[in-house]
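Let me begin by presenting the structure, written as structure tokens, before commenting on it.
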Amino acid sequence: MLFQVEMTVKLPPDMPAEQAAEIKATEKAYAEDLQHQGKWRHLWRVAGSYSNVSIFDVEDNAELQALVSSLPLFPYMDISVKPLCRHPSSVRDDDS
Ligand SMILES: O=C(O)CC1=CCC(=O)O1
């Protein structure tokens, strides 16, 4: 199942820089691992913001919930999720 996930990072302004850097580094490693596994198919920065638009390819809603709620930045993000399905006019054969 494909999901579009939009994440907006809102770190507390008073979070120490070292702590913020550590969380971001852990987040990066987690995101890279999920991309290598094929579960996090796309990761795009929304230009001009501290947001990303991502496409996840997971078994079901429960797996998406497990992955997203395990993100190190999860407590510091606003997240919206949209389920996706194939468009009848799509010519790509890899977007199922
Ligand atoms: O910077 C972001 O958009 C949050 C984030 C998601 C994966 C990652 O490495 O950073």
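Simple scheme: letters A, B, ... for chains in structure tokens order, numbers from 1 for residues in each chain, numbers from 1 for ligands in the order shown.
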Inset, instruction - as a list of chain:residue names, please: all residues of chain A that backbone DSSP puts in strand (DSSP E or B). - result: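 Result set for chain A (strand (DSSP E or B)): A:Leu2, A:Phe3, A:Gln4, A:Val5, A:Glu6, A:Met7, A:Thr8, A:Val9, A:Trp40, A:Arg41, A:His42, A:Leu43, A:Trp44, A:Arg45, A:Ser51, A:Asn52, A:Val53, A:Ser54, A:Ile55, A:Phe56, A:Asp57, A:Met77, A:Asp78, A:Ile79, A:Ser80, A:Val81, A:Lys82, A:Pro83, A:Leu84.
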Could you write those residues out with N, CA and C atoms, as a PDB file, in the first residue's frame?
```
ATOM      1  N   LEU A   2       0.473   2.204  -0.825  1.00  0.00           N
ATOM      2  CA  LEU A   2       1.247   3.444  -0.899  1.00  0.00           C
ATOM      3  C   LEU A   2       0.551   4.552  -0.098  1.00  0.00           C
ATOM      4  N   PHE A   3       1.372   5.330   0.577  1.00  0.00           N
ATOM      5  CA  PHE A   3       0.853   6.467   1.333  1.00  0.00           C
ATOM      6  C   PHE A   3       1.725   7.687   1.057  1.00  0.00           C
ATOM      7  N   GLN A   4       1.067   8.826   0.876  1.00  0.00           N
ATOM      8  CA  GLN A   4       1.802  10.094   0.886  1.00  0.00           C
ATOM      9  C   GLN A   4       1.810  10.600   2.324  1.00  0.00           C
ATOM     10  N   VAL A   5       2.987  10.884   2.803  1.00  0.00           N
ATOM     11  CA  VAL A   5       3.125  11.373   4.178  1.00  0.00           C
ATOM     12  C   VAL A   5       3.826  12.724   4.129  1.00  0.00           C
ATOM     13  N   GLU A   6       3.203  13.723   4.711  1.00  0.00           N
ATOM     14  CA  GLU A   6       3.841  15.039   4.794  1.00  0.00           C
ATOM     15  C   GLU A   6       4.226  15.281   6.249  1.00  0.00           C
ATOM     16  N   MET A   7       5.493  15.620   6.440  1.00  0.00           N
ATOM     17  CA  MET A   7       6.007  15.835   7.799  1.00  0.00           C
ATOM     18  C   MET A   7       6.555  17.251   7.901  1.00  0.00           C
ATOM     19  N   THR A   8       6.132  17.947   8.917  1.00  0.00           N
ATOM     20  CA  THR A   8       6.669  19.288   9.187  1.00  0.00           C
ATOM     21  C   THR A   8       7.356  19.265  10.545  1.00  0.00           C
ATOM     22  N   VAL A   9       8.643  19.572  10.525  1.00  0.00           N
ATOM     23  CA  VAL A   9       9.444  19.495  11.745  1.00  0.00           C
ATOM     24  C   VAL A   9       9.290  20.785  12.544  1.00  0.00           C
ATOM     25  N   TRP A  40      10.459   3.313   2.255  1.00  0.00           N
ATOM     26  CA  TRP A  40      10.362   4.779   2.136  1.00  0.00           C
ATOM     27  C   TRP A  40      10.815   5.103   0.714  1.00  0.00           C
ATOM     28  N   ARG A  41       9.832   5.138  -0.211  1.00  0.00           N
ATOM     29  CA  ARG A  41      10.174   5.171  -1.638  1.00  0.00           C
ATOM     30  C   ARG A  41      10.667   6.518  -2.127  1.00  0.00           C
ATOM     31  N   HIS A  42      10.055   7.579  -1.617  1.00  0.00           N
ATOM     32  CA  HIS A  42      10.471   8.929  -2.017  1.00  0.00           C
ATOM     33  C   HIS A  42      10.566   9.805  -0.783  1.00  0.00           C
ATOM     34  N   LEU A  43      11.546  10.706  -0.832  1.00  0.00           N
ATOM     35  CA  LEU A  43      11.722  11.673   0.257  1.00  0.00           C
ATOM     36  C   LEU A  43      12.122  12.996  -0.390  1.00  0.00           C
ATOM     37  N   TRP A  44      11.188  13.926  -0.351  1.00  0.00           N
ATOM     38  CA  TRP A  44      11.402  15.228  -1.000  1.00  0.00           C
ATOM     39  C   TRP A  44      11.287  16.348   0.022  1.00  0.00           C
ATOM     40  N   ARG A  45      12.168  17.312  -0.069  1.00  0.00           N
ATOM     41  CA  ARG A  45      12.032  18.528   0.724  1.00  0.00           C
ATOM     42  C   ARG A  45      10.986  19.411   0.046  1.00  0.00           C
ATOM     43  N   SER A  51       9.749  21.030   5.848  1.00  0.00           N
ATOM     44  CA  SER A  51       8.776  19.948   5.651  1.00  0.00           C
ATOM     45  C   SER A  51       9.290  19.014   4.569  1.00  0.00           C
ATOM     46  N   ASN A  52       8.825  17.783   4.626  1.00  0.00           N
ATOM     47  CA  ASN A  52       9.084  16.868   3.517  1.00  0.00           C
ATOM     48  C   ASN A  52       7.796  16.231   3.070  1.00  0.00           C
ATOM     49  N   VAL A  53       7.785  15.807   1.807  1.00  0.00           N
ATOM     50  CA  VAL A  53       6.716  14.964   1.289  1.00  0.00           C
ATOM     51  C   VAL A  53       7.353  13.631   0.933  1.00  0.00           C
ATOM     52  N   SER A  54       6.795  12.587   1.482  1.00  0.00           N
ATOM     53  CA  SER A  54       7.362  11.260   1.322  1.00  0.00           C
ATOM     54  C   SER A  54       6.312  10.294   0.788  1.00  0.00           C
ATOM     55  N   ILE A  55       6.796   9.265   0.111  1.00  0.00           N
ATOM     56  CA  ILE A  55       5.931   8.161  -0.297  1.00  0.00           C
ATOM     57  C   ILE A  55       6.433   6.901   0.403  1.00  0.00           C
ATOM     58  N   PHE A  56       5.553   6.293   1.165  1.00  0.00           N
ATOM     59  CA  PHE A  56       5.859   5.028   1.844  1.00  0.00           C
ATOM     60  C   PHE A  56       5.151   3.885   1.132  1.00  0.00           C
ATOM     61  N   ASP A  57       5.832   2.751   1.061  1.00  0.00           N
ATOM     62  CA  ASP A  57       5.269   1.542   0.460  1.00  0.00           C
ATOM     63  C   ASP A  57       5.310   0.461   1.536  1.00  0.00           C
ATOM     64  N   MET A  77       7.041  16.545  15.146  1.00  0.00           N
ATOM     65  CA  MET A  77       6.560  16.788  13.787  1.00  0.00           C
ATOM     66  C   MET A  77       5.034  16.803  13.741  1.00  0.00           C
ATOM     67  N   ASP A  78       4.512  17.669  12.865  1.00  0.00           N
ATOM     68  CA  ASP A  78       3.114  17.543  12.449  1.00  0.00           C
ATOM     69  C   ASP A  78       3.122  16.632  11.227  1.00  0.00           C
ATOM     70  N   ILE A  79       2.251  15.635  11.222  1.00  0.00           N
ATOM     71  CA  ILE A  79       2.277  14.628  10.161  1.00  0.00           C
ATOM     72  C   ILE A  79       0.880  14.465   9.585  1.00  0.00           C
ATOM     73  N   SER A  80       0.808  14.469   8.251  1.00  0.00           N
ATOM     74  CA  SER A  80      -0.480  14.146   7.624  1.00  0.00           C
ATOM     75  C   SER A  80      -0.257  13.008   6.629  1.00  0.00           C
ATOM     76  N   VAL A  81      -1.252  12.148   6.539  1.00  0.00           N
ATOM     77  CA  VAL A  81      -1.145  10.923   5.739  1.00  0.00           C
ATOM     78  C   VAL A  81      -2.301  10.856   4.752  1.00  0.00           C
ATOM     79  N   LYS A  82      -1.963  10.521   3.499  1.00  0.00           N
ATOM     80  CA  LYS A  82      -3.005  10.307   2.490  1.00  0.00           C
ATOM     81  C   LYS A  82      -2.767   8.968   1.809  1.00  0.00           C
ATOM     82  N   PRO A  83      -3.768   8.092   1.819  1.00  0.00           N
ATOM     83  CA  PRO A  83      -3.610   6.823   1.106  1.00  0.00           C
ATOM     84  C   PRO A  83      -3.658   7.067  -0.404  1.00  0.00           C
ATOM     85  N   LEU A  84      -2.846   6.317  -1.141  1.00  0.00           N
ATOM     86  CA  LEU A  84      -2.774   6.492  -2.591  1.00  0.00           C
ATOM     87  C   LEU A  84      -3.179   5.202  -3.294  1.00  0.00           C
TER      88      LEU A  84
END
```
Inset, instruction - Please provide the set of residues having any atom within 8 Å of A:Leu73, restricted to only C-alpha atoms, with same-chain residues fewer than 2 positions apart removed, written as a list of chain:residue names. - result: A:Val9, A:Ile23, A:Lys24, A:Glu27, A:Leu71, A:Pro75, A:Tyr76, A:Met77
Legend entry - Pairwise distance for atom CA of A:Val58 and atom CA of A:Gln37, rounded to one decimal in Å: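 So the two atoms, atom CA of A:Val58 and atom CA of A:Gln37, lie 10.5 Å apart.
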Legend entry - Which of chain A fall in helix (DSSP H, G or I), as JSON, numbers by chain: {"A": [17, 18, 19, 20, 21, 22, 23, 24, 25, 26, 27, 28, 29, 30, 31, 32, 33, 34, 35, 36, 61, 62, 63, 64, 65, 66, 67, 68, 69, 74, 75, 76]}
Legend entry - Selected residue, from A:Glu32, A:Asp14, A:Glu22, A:Asp94, that lies nearest to ligand 1 when counting only C-alpha atoms and all ligand atoms: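 Closest residue, counting only C-alpha atoms and all ligand atoms: A:Glu32.
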